[in-house]
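Chemist: This is the structure, below, for whatever I ask next.
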Amino acid sequence: MASAMARLLFLQLVLGQTPVLNIQLQTTVKNFHTLHIDYPKVHYPEDFQGYCNGVMAYVRGKMQHWYCPKIHYVIHAPWKAIQKNCKYSESFCENYNEYCTLTEDSFPITICSQGMEQPPTSCHYNSTLTNQKLYLLCSGKYEAEPIGIIGHY
């Protein structure tokens, strides 16, 4: 028993925060995939009053926030097509403290933007479907994963 405890202590000292950081990164990548990739595109019942109102109800539930995000991007392309854009990120976006890249290809995206003046907990969204290149945040410079969308081009 003492031997096992000594090994565990040794591993914690040698590995430091690595396992914790890997778990956080995996969670961030999974959240990106869950909140920003909708492929094939889901169709919501008419009760939701449009695609973005259905998506944003899901997003707010997953994020566990009561407020309405002003804008949200949903990509209608396979994960691998998006993921490959972060294999090499030349740019470092200081405003986000992350590596970032502009996708080489345009992708079908839905931009969900909050409607006009409304109470903070009453969310109504407008949908804009377009094909655009995306500015992605990446988890690192090489062999990284997408972790955020900061805009479109």
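If you're wondering about the labels, chains in the structure tokens are A, B, ... by order shown, residues count from 1 in each chain, ligands from 1 in order shown.
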I need the residues in segment 7-81 of chain A that are strand (DSSP E) according to DSSP; give them as a list in words.

Modeler: Ile71, His72, Tyr73, Val74 and Ile75 of chain A

Chemist: Residues as selected, N, CA, C and O atoms, written as a PDB file, in the first residue's frame, can you do that?

Modeler:
```pdb
ATOM      1  N   ILE A  71     -24.673  36.621 -30.242  1.00  0.00           N
ATOM      2  CA  ILE A  71     -24.417  35.976 -31.530  1.00  0.00           C
ATOM      3  C   ILE A  71     -23.843  34.587 -31.294  1.00  0.00           C
ATOM      4  O   ILE A  71     -23.136  34.361 -30.307  1.00  0.00           O
ATOM      5  N   HIS A  72     -24.190  33.671 -32.183  1.00  0.00           N
ATOM      6  CA  HIS A  72     -23.690  32.297 -32.082  1.00  0.00           C
ATOM      7  C   HIS A  72     -23.583  31.734 -33.493  1.00  0.00           C
ATOM      8  O   HIS A  72     -24.476  31.930 -34.316  1.00  0.00           O
ATOM      9  N   TYR A  73     -22.475  31.050 -33.757  1.00  0.00           N
ATOM     10  CA  TYR A  73     -22.233  30.463 -35.074  1.00  0.00           C
ATOM     11  C   TYR A  73     -22.424  28.957 -35.008  1.00  0.00           C
ATOM     12  O   TYR A  73     -21.925  28.302 -34.092  1.00  0.00           O
ATOM     13  N   VAL A  74     -23.122  28.412 -36.009  1.00  0.00           N
ATOM     14  CA  VAL A  74     -23.322  26.972 -36.117  1.00  0.00           C
ATOM     15  C   VAL A  74     -22.832  26.544 -37.499  1.00  0.00           C
ATOM     16  O   VAL A  74     -23.262  27.097 -38.518  1.00  0.00           O
ATOM     17  N   ILE A  75     -21.932  25.576 -37.517  1.00  0.00           N
ATOM     18  CA  ILE A  75     -21.325  25.102 -38.756  1.00  0.00           C
ATOM     19  C   ILE A  75     -22.041  23.838 -39.213  1.00  0.00           C
ATOM     20  O   ILE A  75     -22.237  22.914 -38.433  1.00  0.00           O
TER      21      ILE A  75
END
```

Chemist: List as a count of residues only the protein and nucleic acid residues near segment 31-34 of chain A, meaning an atom at most 10 Å away when only C-alpha atoms are counted, but skip any in the same chain fewer than 4 places from it.

Modeler: 18

Chemist: Might you pull out every residue within 12 Å of segment 97-105 of chain A, with only C-alpha atoms counted and same-chain residues fewer than 6 positions away left off, and present them as a ChimeraX atom specification?

Modeler: /A:77,81-91,131-153

Chemist: For Pro69 of chain A, please output as a CSV table (one decimal) with C-alpha atoms, in the first residue's frame all residues within 10 Å (counting only C-alpha atoms; exclusion window: fewer than 6 positions along the same chain).

Modeler:
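The result, written out as around-v3.csv:
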```csv
chain,number,residue,atom,x,y,z
A,56,MET,CA,-30.1,28.6,-28.9
A,59,VAL,CA,-27.0,26.1,-26.4
A,60,ARG,CA,-28.3,28.0,-23.3
A,112,CYS,CA,-27.9,33.2,-34.9
A,113,SER,CA,-28.2,36.9,-33.8
A,114,GLN,CA,-30.3,38.1,-31.0
A,120,PRO,CA,-32.4,39.4,-20.8
A,123,CYS,CA,-34.4,35.1,-26.1
A,125,TYR,CA,-33.0,34.9,-32.5
```
